[in-house]
$ cat run.cif   # mmCIF, C-alpha atoms and all ligand atoms; chains and numbers go by the auth columns
data_upload
#
loop_
_atom_site.group_PDB
_atom_site.id
_atom_site.type_symbol
_atom_site.label_atom_id
_atom_site.label_comp_id
_atom_site.label_asym_id
_atom_site.label_seq_id
_atom_site.Cartn_x
_atom_site.Cartn_y
_atom_site.Cartn_z
_atom_site.B_iso_or_equiv
_atom_site.auth_seq_id
_atom_site.auth_asym_id
ATOM 1 C CA MET A 1 115.905 157.517 139.241 0.00 1 A
ATOM 2 C CA GLU A 2 118.492 155.463 141.062 0.00 2 A
ATOM 3 C CA PRO A 3 117.827 154.708 144.769 0.00 3 A
ATOM 4 C CA SER A 4 120.662 157.032 145.891 0.00 4 A
ATOM 5 C CA PHE A 5 118.821 160.011 144.362 0.00 5 A
ATOM 6 C CA TRP A 6 115.739 159.387 146.501 0.00 6 A
ATOM 7 C CA HIS A 7 117.673 158.566 149.668 0.00 7 A
ATOM 8 C CA GLN A 8 119.461 161.907 149.306 0.00 8 A
ATOM 9 C CA LYS A 9 116.133 163.723 148.834 0.00 9 A
ATOM 10 C CA TRP A 10 114.754 162.157 152.013 0.00 10 A
ATOM 11 C CA ASP A 11 118.005 162.755 153.947 0.00 11 A
ATOM 12 C CA ASN A 12 117.865 166.455 153.007 0.00 12 A
ATOM 13 C CA GLN A 13 114.078 166.625 153.419 0.00 13 A
ATOM 14 C CA GLN A 14 113.786 167.926 149.845 0.00 14 A
ATOM 15 C CA ILE A 15 110.333 166.415 149.513 0.00 15 A
ATOM 16 C CA GLY A 16 108.384 169.016 147.559 0.00 16 A
ATOM 17 C CA PHE A 17 106.272 166.183 146.124 0.00 17 A
ATOM 18 C CA HIS A 18 104.791 165.484 149.588 0.00 18 A
ATOM 19 C CA LEU A 19 101.404 167.184 149.943 0.00 19 A
ATOM 20 C CA PRO A 20 100.221 168.537 153.303 0.00 20 A
ATOM 21 C CA GLU A 21 96.723 167.297 152.476 0.00 21 A
ATOM 22 C CA VAL A 22 95.020 164.375 150.752 0.00 22 A
ATOM 23 C CA ASN A 23 95.323 164.566 146.966 0.00 23 A
ATOM 24 C CA PRO A 24 92.154 166.223 145.602 0.00 24 A
ATOM 25 C CA TYR A 25 91.981 163.873 142.597 0.00 25 A
ATOM 26 C CA LEU A 26 91.962 160.880 144.923 0.00 26 A
ATOM 27 C CA ILE A 27 89.034 162.393 146.831 0.00 27 A
ATOM 28 C CA LYS A 28 87.215 163.306 143.618 0.00 28 A
ATOM 29 C CA PHE A 29 87.608 160.053 141.690 0.00 29 A
ATOM 30 C CA TRP A 30 88.171 157.182 144.118 0.00 30 A
ATOM 31 C CA SER A 31 84.461 156.390 144.476 0.00 31 A
ATOM 32 C CA GLN A 32 84.211 155.979 140.678 0.00 32 A
ATOM 33 C CA LEU A 33 86.203 152.761 140.961 0.00 33 A
ATOM 34 C CA LYS A 34 83.267 151.324 142.953 0.00 34 A
ATOM 35 C CA LEU A 35 85.529 149.012 144.953 0.00 35 A
ATOM 36 C CA PRO A 36 84.105 146.895 147.751 0.00 36 A
ATOM 37 C CA VAL A 37 84.831 148.789 150.972 0.00 37 A
ATOM 38 C CA ASN A 38 86.887 145.979 152.478 0.00 38 A
ATOM 39 C CA SER A 39 89.090 145.390 149.431 0.00 39 A
ATOM 40 C CA ALA A 40 92.822 145.912 149.822 0.00 40 A
ATOM 41 C CA VAL A 41 94.522 148.693 147.882 0.00 41 A
ATOM 42 C CA PHE A 42 98.126 148.907 146.659 0.00 42 A
ATOM 43 C CA VAL A 43 100.020 152.217 146.629 0.00 43 A
ATOM 44 C CA PRO A 44 103.393 151.950 144.821 0.00 44 A
ATOM 45 C CA LEU A 45 106.214 154.394 145.679 0.00 45 A
ATOM 46 C CA CYS A 46 104.026 155.766 148.458 0.00 46 A
ATOM 47 C CA GLY A 47 106.440 158.079 150.292 0.00 47 A
ATOM 48 C CA LYS A 48 104.679 159.201 153.473 0.00 48 A
ATOM 49 C CA THR A 49 101.581 160.417 151.701 0.00 49 A
ATOM 50 C CA LEU A 50 98.402 161.174 153.646 0.00 50 A
ATOM 51 C CA ASP A 51 96.588 159.433 150.804 0.00 51 A
ATOM 52 C CA LEU A 52 97.367 156.178 152.643 0.00 52 A
ATOM 53 C CA CYS A 53 95.297 157.436 155.592 0.00 53 A
ATOM 54 C CA TYR A 54 92.465 158.545 153.301 0.00 54 A
ATOM 55 C CA LEU A 55 92.292 155.092 151.701 0.00 55 A
ATOM 56 C CA ALA A 56 92.299 153.439 155.127 0.00 56 A
ATOM 57 C CA GLU A 57 89.506 155.799 156.218 0.00 57 A
ATOM 58 C CA GLN A 58 87.461 154.567 153.231 0.00 58 A
ATOM 59 C CA GLY A 59 87.645 151.112 154.849 0.00 59 A
ATOM 60 C CA HIS A 60 90.471 149.629 152.783 0.00 60 A
ATOM 61 C CA ASP A 61 93.442 147.658 153.971 0.00 61 A
ATOM 62 C CA VAL A 62 96.330 149.582 152.430 0.00 62 A
ATOM 63 C CA ILE A 63 99.560 148.053 151.140 0.00 63 A
ATOM 64 C CA GLY A 64 102.316 150.522 150.233 0.00 64 A
ATOM 65 C CA CYS A 65 105.824 150.142 148.895 0.00 65 A
ATOM 66 C CA GLU A 66 108.473 152.779 149.591 0.00 66 A
ATOM 67 C CA LEU A 67 112.236 152.680 149.163 0.00 67 A
ATOM 68 C CA ASN A 68 113.280 154.987 151.963 0.00 68 A
ATOM 69 C CA GLN A 69 113.247 153.997 155.624 0.00 69 A
ATOM 70 C CA THR A 70 112.899 157.583 156.916 0.00 70 A
ATOM 71 C CA ALA A 71 109.805 158.075 154.751 0.00 71 A
ATOM 72 C CA VAL A 72 108.182 154.951 156.163 0.00 72 A
ATOM 73 C CA GLU A 73 109.100 155.710 159.768 0.00 73 A
ATOM 74 C CA HIS A 74 107.904 159.323 159.428 0.00 74 A
ATOM 75 C CA PHE A 75 104.619 158.112 157.976 0.00 75 A
ATOM 76 C CA PHE A 76 103.878 156.108 161.103 0.00 76 A
ATOM 77 C CA SER A 77 105.218 158.662 163.610 0.00 77 A
ATOM 78 C CA ASP A 78 103.600 161.696 161.878 0.00 78 A
ATOM 79 C CA ASN A 79 100.240 159.928 162.077 0.00 79 A
ATOM 80 C CA SER A 80 100.746 158.630 165.627 0.00 80 A
ATOM 81 C CA LEU A 81 100.547 155.022 164.471 0.00 81 A
ATOM 82 C CA ALA A 82 102.545 152.269 166.136 0.00 82 A
ATOM 83 C CA ALA A 83 103.931 149.789 163.615 0.00 83 A
ATOM 84 C CA SER A 84 105.452 146.365 164.079 0.00 84 A
ATOM 85 C CA VAL A 85 108.398 145.522 161.820 0.00 85 A
ATOM 86 C CA GLU A 86 109.577 142.241 160.316 0.00 86 A
ATOM 87 C CA SER A 87 111.917 141.287 157.481 0.00 87 A
ATOM 88 C CA VAL A 88 110.336 139.887 154.330 0.00 88 A
ATOM 89 C CA GLY A 89 113.098 138.852 151.953 0.00 89 A
ATOM 90 C CA GLU A 90 115.021 142.016 151.066 0.00 90 A
ATOM 91 C CA LEU A 91 112.269 144.295 152.389 0.00 91 A
ATOM 92 C CA GLN A 92 111.207 145.486 155.816 0.00 92 A
ATOM 93 C CA HIS A 93 107.496 145.093 156.456 0.00 93 A
ATOM 94 C CA TYR A 94 105.981 147.752 158.731 0.00 94 A
ATOM 95 C CA SER A 95 102.394 147.178 159.701 0.00 95 A
ATOM 96 C CA CYS A 96 99.668 148.538 161.899 0.00 96 A
ATOM 97 C CA GLU A 97 96.010 147.597 161.913 0.00 97 A
ATOM 98 C CA GLN A 98 95.047 148.685 158.388 0.00 98 A
ATOM 99 C CA ILE A 99 98.258 149.954 156.817 0.00 99 A
ATOM 100 C CA SER A 100 101.103 147.766 155.722 0.00 100 A
ATOM 101 C CA LEU A 101 104.223 149.329 154.177 0.00 101 A
ATOM 102 C CA TYR A 102 106.989 147.353 152.500 0.00 102 A
ATOM 103 C CA GLN A 103 110.197 149.357 152.760 0.00 103 A
ATOM 104 C CA GLY A 104 112.596 148.591 149.941 0.00 104 A
ATOM 105 C CA ASP A 105 112.881 148.484 146.173 0.00 105 A
ATOM 106 C CA ILE A 106 109.592 147.810 144.387 0.00 106 A
ATOM 107 C CA TYR A 107 111.516 145.465 142.109 0.00 107 A
ATOM 108 C CA SER A 108 112.070 143.223 145.158 0.00 108 A
ATOM 109 C CA LEU A 109 108.367 143.146 146.054 0.00 109 A
ATOM 110 C CA PRO A 110 106.910 139.702 145.263 0.00 110 A
ATOM 111 C CA ALA A 111 103.586 139.576 143.408 0.00 111 A
ATOM 112 C CA SER A 112 102.238 137.383 146.237 0.00 112 A
ATOM 113 C CA VAL A 113 101.965 140.568 148.386 0.00 113 A
ATOM 114 C CA THR A 114 99.440 142.140 146.006 0.00 114 A
ATOM 115 C CA GLN A 115 97.661 139.052 144.703 0.00 115 A
ATOM 116 C CA SER A 116 94.465 139.757 146.667 0.00 116 A
ATOM 117 C CA ILE A 117 94.184 143.528 146.129 0.00 117 A
ATOM 118 C CA GLY A 118 90.973 145.049 144.807 0.00 118 A
ATOM 119 C CA GLY A 119 92.438 148.389 143.697 0.00 119 A
ATOM 120 C CA PHE A 120 95.543 150.535 143.354 0.00 120 A
ATOM 121 C CA TYR A 121 96.595 154.170 143.334 0.00 121 A
ATOM 122 C CA ASP A 122 99.633 155.664 141.574 0.00 122 A
ATOM 123 C CA ARG A 123 100.281 159.314 142.295 0.00 123 A
ATOM 124 C CA ALA A 124 103.774 160.668 141.559 0.00 124 A
ATOM 125 C CA ALA A 125 105.087 157.125 141.064 0.00 125 A
ATOM 126 C CA LEU A 126 104.980 156.655 137.278 0.00 126 A
ATOM 127 C CA ILE A 127 106.113 160.267 136.849 0.00 127 A
ATOM 128 C CA ALA A 128 109.032 159.697 139.244 0.00 128 A
ATOM 129 C CA TRP A 129 110.842 157.655 136.571 0.00 129 A
ATOM 130 C CA PRO A 130 112.796 159.162 133.670 0.00 130 A
ATOM 131 C CA GLU A 131 111.636 157.947 130.279 0.00 131 A
ATOM 132 C CA GLU A 132 114.426 155.361 129.951 0.00 132 A
ATOM 133 C CA MET A 133 113.337 153.645 133.192 0.00 133 A
ATOM 134 C CA ARG A 134 109.590 154.157 132.929 0.00 134 A
ATOM 135 C CA ALA A 135 108.581 151.225 130.731 0.00 135 A
ATOM 136 C CA ASP A 136 110.291 148.808 133.157 0.00 136 A
ATOM 137 C CA TYR A 137 108.308 150.320 136.043 0.00 137 A
ATOM 138 C CA ALA A 138 105.066 149.987 134.050 0.00 138 A
ATOM 139 C CA LYS A 139 105.881 146.308 133.474 0.00 139 A
ATOM 140 C CA LYS A 140 106.596 145.753 137.185 0.00 140 A
ATOM 141 C CA LEU A 141 103.383 147.550 138.151 0.00 141 A
ATOM 142 C CA ALA A 142 101.453 145.366 135.716 0.00 142 A
ATOM 143 C CA GLU A 143 103.029 142.242 137.267 0.00 143 A
ATOM 144 C CA LEU A 144 101.805 143.371 140.685 0.00 144 A
ATOM 145 C CA ILE A 145 98.204 144.102 139.631 0.00 145 A
ATOM 146 C CA PRO A 146 95.912 141.088 139.175 0.00 146 A
ATOM 147 C CA ALA A 147 93.659 140.859 136.119 0.00 147 A
ATOM 148 C CA GLY A 148 90.441 142.869 136.368 0.00 148 A
ATOM 149 C CA VAL A 149 91.706 145.164 139.148 0.00 149 A
ATOM 150 C CA SER A 150 91.235 148.925 138.653 0.00 150 A
ATOM 151 C CA GLY A 151 93.120 151.884 140.000 0.00 151 A
ATOM 152 C CA LEU A 152 93.777 155.581 139.615 0.00 152 A
ATOM 153 C CA LEU A 153 96.876 157.033 137.953 0.00 153 A
ATOM 154 C CA VAL A 154 97.680 160.733 138.435 0.00 154 A
ATOM 155 C CA THR A 155 100.254 162.165 136.006 0.00 155 A
ATOM 156 C CA LEU A 156 101.832 165.449 134.973 0.00 156 A
ATOM 157 C CA ASP A 157 102.612 166.502 131.418 0.00 157 A
ATOM 158 C CA TYR A 158 104.623 169.529 130.247 0.00 158 A
ATOM 159 C CA PRO A 159 107.299 170.227 127.631 0.00 159 A
ATOM 160 C CA GLN A 160 110.148 168.100 129.072 0.00 160 A
ATOM 161 C CA THR A 161 112.827 170.361 127.570 0.00 161 A
ATOM 162 C CA ALA A 162 111.608 173.247 129.772 0.00 162 A
ATOM 163 C CA LEU A 163 112.467 171.595 133.097 0.00 163 A
ATOM 164 C CA GLN A 164 114.515 168.712 134.437 0.00 164 A
ATOM 165 C CA GLY A 165 112.487 166.096 136.299 0.00 165 A
ATOM 166 C CA PRO A 166 111.437 164.544 138.523 0.00 166 A
ATOM 167 C CA PRO A 167 108.534 164.870 138.168 0.00 167 A
ATOM 168 C CA PHE A 168 108.931 163.757 134.555 0.00 168 A
ATOM 169 C CA ALA A 169 106.416 164.571 131.834 0.00 169 A
ATOM 170 C CA VAL A 170 104.187 161.654 130.878 0.00 170 A
ATOM 171 C CA SER A 171 102.147 162.369 127.770 0.00 171 A
ATOM 172 C CA PRO A 172 98.873 160.794 126.693 0.00 172 A
ATOM 173 C CA ASP A 173 100.860 159.312 123.764 0.00 173 A
ATOM 174 C CA TRP A 174 103.294 157.605 126.156 0.00 174 A
ATOM 175 C CA ILE A 175 100.376 156.161 128.069 0.00 175 A
ATOM 176 C CA GLU A 176 98.763 154.954 124.853 0.00 176 A
ATOM 177 C CA GLN A 177 102.019 153.375 123.678 0.00 177 A
ATOM 178 C CA HIS A 178 103.155 151.764 126.930 0.00 178 A
ATOM 179 C CA LEU A 179 100.201 151.173 129.239 0.00 179 A
ATOM 180 C CA THR A 180 97.474 149.935 126.905 0.00 180 A
ATOM 181 C CA GLU A 181 99.439 146.690 126.530 0.00 181 A
ATOM 182 C CA TYR A 182 98.602 145.944 130.176 0.00 182 A
ATOM 183 C CA PHE A 183 95.632 148.127 131.091 0.00 183 A
ATOM 184 C CA ASP A 184 92.363 149.457 129.752 0.00 184 A
ATOM 185 C CA VAL A 185 92.857 153.207 130.080 0.00 185 A
ATOM 186 C CA GLU A 186 90.166 155.829 130.640 0.00 186 A
ATOM 187 C CA LEU A 187 90.969 159.538 131.005 0.00 187 A
ATOM 188 C CA LEU A 188 88.925 160.947 133.912 0.00 188 A
ATOM 189 C CA SER A 189 90.272 164.515 134.012 0.00 189 A
ATOM 190 C CA CYS A 190 92.962 166.785 132.629 0.00 190 A
ATOM 191 C CA ASP A 191 93.516 170.219 134.197 0.00 191 A
ATOM 192 C CA ASP A 192 95.932 173.040 133.489 0.00 192 A
ATOM 193 C CA VAL A 193 97.627 173.452 136.887 0.00 193 A
ATOM 194 C CA LEU A 194 100.481 175.816 135.962 0.00 194 A
ATOM 195 C CA GLU A 195 99.166 178.659 138.128 0.00 195 A
ATOM 196 C CA ASP A 196 99.356 176.446 141.248 0.00 196 A
ATOM 197 C CA ASN A 197 102.946 175.303 140.674 0.00 197 A
ATOM 198 C CA ALA A 198 105.515 177.990 141.428 0.00 198 A
ATOM 199 C CA ARG A 199 108.516 175.804 140.497 0.00 199 A
ATOM 200 C CA PHE A 200 107.166 175.372 136.962 0.00 200 A
ATOM 201 C CA LYS A 201 106.039 179.014 136.645 0.00 201 A
ATOM 202 C CA ASN A 202 109.400 180.339 137.842 0.00 202 A
ATOM 203 C CA LYS A 203 111.173 178.253 135.188 0.00 203 A
ATOM 204 C CA ASN A 204 108.838 179.671 132.511 0.00 204 A
ATOM 205 C CA VAL A 205 107.364 176.274 131.709 0.00 205 A
ATOM 206 C CA PRO A 206 104.630 177.278 129.212 0.00 206 A
ATOM 207 C CA TRP A 207 101.994 174.735 130.270 0.00 207 A
ATOM 208 C CA LEU A 208 101.441 172.009 132.842 0.00 208 A
ATOM 209 C CA ASN A 209 98.645 169.453 132.707 0.00 209 A
ATOM 210 C CA GLU A 210 97.684 167.162 135.548 0.00 210 A
ATOM 211 C CA ALA A 211 95.672 164.168 134.395 0.00 211 A
ATOM 212 C CA THR A 212 93.828 161.403 136.189 0.00 212 A
ATOM 213 C CA TYR A 213 93.272 158.058 134.501 0.00 213 A
ATOM 214 C CA LYS A 214 91.336 154.989 135.494 0.00 214 A
ATOM 215 C CA LEU A 215 93.396 151.892 134.680 0.00 215 A
ATOM 216 C CA THR A 216 91.997 148.361 134.661 0.00 216 A
ATOM 217 C CA ARG A 217 94.419 145.447 134.387 0.00 217 A
ATOM 218 C CA LYS A 218 93.725 143.367 131.304 0.00 218 A
ATOM 219 C CA SER A 219 93.581 139.563 131.557 0.00 219 A
HETATM 220 C C1 LIG B . 107.784 161.574 143.844 0.00 1 B
HETATM 221 S S1 LIG B . 107.764 160.631 145.322 0.00 1 B
HETATM 222 C C2 LIG B . 106.021 160.306 145.476 0.00 1 B
HETATM 223 C C3 LIG B . 105.614 159.797 146.819 0.00 1 B
HETATM 224 C C4 LIG B . 104.118 159.623 147.007 0.00 1 B
HETATM 225 N N1 LIG B . 103.512 158.811 145.970 0.00 1 B
HETATM 226 C C5 LIG B . 103.417 160.937 147.133 0.00 1 B
HETATM 227 O O1 LIG B . 102.454 161.180 146.398 0.00 1 B
HETATM 228 O O2 LIG B . 103.804 161.745 147.991 0.00 1 B
HETATM 229 C C6 LIG B . 108.441 159.093 144.766 0.00 1 B
HETATM 230 C C7 LIG B . 108.745 158.137 145.895 0.00 1 B
HETATM 231 O O3 LIG B . 109.166 156.880 145.360 0.00 1 B
HETATM 232 C C8 LIG B . 110.155 156.337 146.171 0.00 1 B
HETATM 233 N N2 LIG B . 110.909 155.406 145.321 0.00 1 B
HETATM 234 C C9 LIG B . 111.777 155.704 144.338 0.00 1 B
HETATM 235 N N3 LIG B . 112.266 154.608 143.755 0.00 1 B
HETATM 236 C C10 LIG B . 111.683 153.552 144.392 0.00 1 B
HETATM 237 C C11 LIG B . 111.783 152.132 144.238 0.00 1 B
HETATM 238 N N4 LIG B . 112.613 151.577 143.353 0.00 1 B
HETATM 239 N N5 LIG B . 111.028 151.349 145.033 0.00 1 B
HETATM 240 C C12 LIG B . 110.184 151.899 145.959 0.00 1 B
HETATM 241 N N6 LIG B . 110.055 153.239 146.147 0.00 1 B
HETATM 242 C C13 LIG B . 110.790 154.057 145.380 0.00 1 B
HETATM 243 C C14 LIG B . 110.968 157.555 146.625 0.00 1 B
HETATM 244 O O4 LIG B . 111.717 157.320 147.799 0.00 1 B
HETATM 245 C C15 LIG B . 109.875 158.599 146.806 0.00 1 B
HETATM 246 O O5 LIG B . 109.418 158.630 148.148 0.00 1 B
#
$ encode --input "run.cif" --output "structure tokens" --more "lines below"
Ligand SMILES: C[S@@+](CC[C@H](N)C(=O)[O-])C[C@H]1O[C@@H](n2cnc3c(N)ncnc32)[C@H](O)[C@@H]1O
Amino acid sequence: MEPSFWHQKWDNQQIGFHLPEVNPYLIKFWSQLKLPVNSAVFVPLCGKTLDLCYLAEQGHDVIGCELNQTAVEHFFSDNSLAASVESVGELQHYSCEQISLYQGDIYSLPASVTQSIGGFYDRAALIAWPEEMRADYAKKLAELIPAGVSGLLVTLDYPQTALQGPPFAVSPDWIEQHLTEYFDVELLSCDDVLEDNARFKNKNVPWLNEATYKLTRKS
């Protein structure tokens, strides 16, 4: 989606994607990546997710990228963290001891910021893009992830005609067609989560799958 769409969502606090707890798939699968505790982790399109705190609690330095200033400022204030702020090119860099958030467009984030990461985590980032913008995001993500680095990708899939995104449906076929160019892809889980999602149930969406993949950047 265009930046104005997301700024409007944050301005109106229409942030149904924001979970009040740490994502259960992150808790379940993160240890399977077997990352060194002190490795840095990149979280694209991070919003103000509590997953950033979870990753920091696992011992990681966490690098996020988020377009919206309110989201970034609320992340630090909600979690009683004091951040220092500096300009880095077109982005604002907010940082505290272990968490470093680059506020601005991910397309303006230089690869130098993520060159030393040991892992990454994409929840509700790939699925935030409509199909016509998604392949470009996948390419940018691949540019930001060094060879050999693994991460988790959490997606949703449903019949796209039944509901307007975001979140947009990302099928296993799309992943096969567009991500295997850059990543080795391993499906870790796929659950039918329709019963837990009132918005989808109320719109009579017939099925809703939430999948977790392990991605490893190819050389
Ligand atoms: C669906 S939300 C997911 C947020 C977070 N990953 C979570 O799980 O709560 C997508 C987020 O991406 C941000 N975003 C959208 N386009 C962006 C861009 N071009 N660069 C950086 N962030 C962007 C939006 O502001 C929004 O907070």
$ residues_around --input "run.cif" --residues "Leu179 of chain A" --least-positions-apart "6" --cutoff "9 Å" --atoms "only C-alpha atoms" --output "number ranges by chain"
A: 135, 138-139, 142, 185, 215
$ write_last_selection --input "run.cif" --atoms "C-alpha atoms" --output "short mmCIF file (atom, residue, chain, number, x, y, z; two decimals), in the frame of the given file"
data_model
loop_
_atom_site.label_atom_id
_atom_site.label_comp_id
_atom_site.auth_asym_id
_atom_site.auth_seq_id
_atom_site.Cartn_x
_atom_site.Cartn_y
_atom_site.Cartn_z
CA ALA A 135 108.58 151.22 130.73
CA ALA A 138 105.07 149.99 134.05
CA LYS A 139 105.88 146.31 133.47
CA ALA A 142 101.45 145.37 135.72
CA VAL A 185 92.86 153.21 130.08
CA LEU A 215 93.40 151.89 134.68
#
$ resolve_selection --input "run.cif" --expression "the PyMOL selection byres (((chain A and resi 100-111) around 7) and not hetatm)" --output "list in words"
Val62, Ile63, Gly64, Cys65, Glu66, Leu67, Asn68, Gln69, Val72, Glu90, Leu91, Gln92, His93, Tyr94, Ser95, Cys96, Gln98, Ile99, Ser112, Val113, Thr114, Gln115, Lys140, Glu143 and Leu144 of chain A
$ resolve_selection --input "run.cif" --expression "the PyMOL selection byres (((not hetatm)) within 10 of (chain B and resi 1))" --output "PyMOL selection string"
chain A and resi 1-10+15-20+22-23+43-52+64-72+102-109+121-129+137+154+165-168
$ closest_residue --input "run.cif" --among "A:Gln58, A:Gln13, A:Thr212, A:Ser84" --to "Thr155 of chain A" --atoms "only C-alpha atoms"
A:Thr212
$ resolve_selection --input "run.cif" --expression "the PyMOL selection byres (((chain A and resi 209) around 9) and not hetatm)" --output "list in words"
Thr155, Leu156, Asp157, Tyr158, Cys190, Asp191, Asp192, Val193, Leu194, Trp207, Leu208, Glu210 and Ala211 of chain A
$ axis_aligned_box --input "run.cif" --around "segment 184-199 of chain A" --padding-each-side "5 Å" --output "JSON"
{"center_x": 98.7, "center_y": 164.1, "center_z": 135.6, "size_x": 29.6, "size_y": 39.2, "size_z": 21.7}
$ atom_distance --input "run.cif" --atom1 "atom CA of Ala147 of chain A" --atom2 "atom CA of Thr216 of chain A"
7.8 Å
$ residues_around --input "run.cif" --residues "Gly59 of chain A" --least-positions-apart "4" --cutoff "10 Å" --atoms "only C-alpha atoms" --output "MDAnalysis selection string"
chainID A and resid 36:40 53:55 98
$ atom_distance --input "run.cif" --atom1 "atom CA of Tyr213 of chain A" --atom2 "atom CA of Glu21 of chain A"
20.5 Å
$ atom_distance --input "run.cif" --atom1 "atom CA of Gln32 of chain A" --atom2 "atom CA of Leu81 of chain A"
28.9 Å
$ closest_residue --input "run.cif" --among "A:Leu163, A:Phe183, A:Asp11, A:Pro146" --to "His74 of chain A" --atoms "only C-alpha atoms"
A:Asp11
$ residues_around --input "run.cif" --residues "Lys34 of chain A" --least-positions-apart "6" --cutoff "12 Å" --atoms "only C-alpha atoms" --output "list in words"
Gln58, Gly118, Gly119, Val149, Ser150, Gly151, Leu152 and Lys214 of chain A
$ write_last_selection --input "run.cif" --atoms "C-alpha atoms" --output "mmCIF file, keeping the file's coordinate frame"
data_model
loop_
_atom_site.group_PDB
_atom_site.id
_atom_site.type_symbol
_atom_site.label_atom_id
_atom_site.label_comp_id
_atom_site.auth_asym_id
_atom_site.auth_seq_id
_atom_site.Cartn_x
_atom_site.Cartn_y
_atom_site.Cartn_z
ATOM 1 C CA GLN A 58 87.461 154.567 153.231
ATOM 2 C CA GLY A 118 90.973 145.049 144.807
ATOM 3 C CA GLY A 119 92.438 148.389 143.697
ATOM 4 C CA VAL A 149 91.706 145.164 139.148
ATOM 5 C CA SER A 150 91.235 148.925 138.653
ATOM 6 C CA GLY A 151 93.120 151.884 140.000
ATOM 7 C CA LEU A 152 93.777 155.581 139.615
ATOM 8 C CA LYS A 214 91.336 154.989 135.494
#
$ closest_residue --input "run.cif" --among "A:Val41, A:Ile175, A:Leu35, A:Leu141" --to "Arg217 of chain A" --atoms "all atoms listed in the file"
A:Leu141
$ closest_residue --input "run.cif" --among "A:Arg199, A:Arg134, A:Gly148, A:Leu33" --to "Gln177 of chain A" --atoms "only C-alpha atoms"
A:Arg134
$ closest_residue --input "run.cif" --among "A:Asn12, A:Ser116, A:Thr180, A:Ser171" --to "Lys218 of chain A" --atoms "only C-alpha atoms"
A:Thr180
$ build_atoms --input "run.cif" --residues "segment 87-91 of chain A" --atoms "all heavy atoms" --output "PDB file, in the coordinates of the input"
ATOM      1  N   SER A  87     111.251 141.402 158.783  1.00  0.00           N
ATOM      2  CA  SER A  87     111.917 141.287 157.481  1.00  0.00           C
ATOM      3  C   SER A  87     111.122 140.347 156.591  1.00  0.00           C
ATOM      4  O   SER A  87     110.679 139.289 157.037  1.00  0.00           O
ATOM      5  CB  SER A  87     113.330 140.721 157.652  1.00  0.00           C
ATOM      6  OG  SER A  87     114.107 141.633 158.371  1.00  0.00           O
ATOM      7  N   VAL A  88     110.959 140.751 155.335  1.00  0.00           N
ATOM      8  CA  VAL A  88     110.336 139.887 154.330  1.00  0.00           C
ATOM      9  C   VAL A  88     111.278 139.898 153.133  1.00  0.00           C
ATOM     10  O   VAL A  88     111.293 140.855 152.359  1.00  0.00           O
ATOM     11  CB  VAL A  88     108.935 140.394 153.921  1.00  0.00           C
ATOM     12  CG1 VAL A  88     108.347 139.528 152.819  1.00  0.00           C
ATOM     13  CG2 VAL A  88     107.991 140.443 155.113  1.00  0.00           C
ATOM     14  N   GLY A  89     112.079 138.861 153.008  1.00  0.00           N
ATOM     15  CA  GLY A  89     113.098 138.852 151.953  1.00  0.00           C
ATOM     16  C   GLY A  89     114.005 140.067 152.117  1.00  0.00           C
ATOM     17  O   GLY A  89     114.538 140.323 153.200  1.00  0.00           O
ATOM     18  N   GLU A  90     114.143 140.841 151.026  1.00  0.00           N
ATOM     19  CA  GLU A  90     115.021 142.016 151.066  1.00  0.00           C
ATOM     20  C   GLU A  90     114.317 143.247 151.625  1.00  0.00           C
ATOM     21  O   GLU A  90     114.910 144.316 151.709  1.00  0.00           O
ATOM     22  CB  GLU A  90     115.516 142.340 149.656  1.00  0.00           C
ATOM     23  CG  GLU A  90     116.460 141.301 149.093  1.00  0.00           C
ATOM     24  CD  GLU A  90     116.768 141.546 147.622  1.00  0.00           C
ATOM     25  OE1 GLU A  90     116.818 142.714 147.207  1.00  0.00           O
ATOM     26  OE2 GLU A  90     116.945 140.557 146.898  1.00  0.00           O
ATOM     27  N   LEU A  91     113.032 143.121 151.944  1.00  0.00           N
ATOM     28  CA  LEU A  91     112.269 144.295 152.389  1.00  0.00           C
ATOM     29  C   LEU A  91     111.977 144.232 153.882  1.00  0.00           C
ATOM     30  O   LEU A  91     111.995 143.163 154.481  1.00  0.00           O
ATOM     31  CB  LEU A  91     110.951 144.371 151.613  1.00  0.00           C
ATOM     32  CG  LEU A  91     111.124 144.578 150.107  1.00  0.00           C
ATOM     33  CD1 LEU A  91     110.711 143.333 149.343  1.00  0.00           C
ATOM     34  CD2 LEU A  91     110.337 145.767 149.624  1.00  0.00           C
TER      35      LEU A  91
END
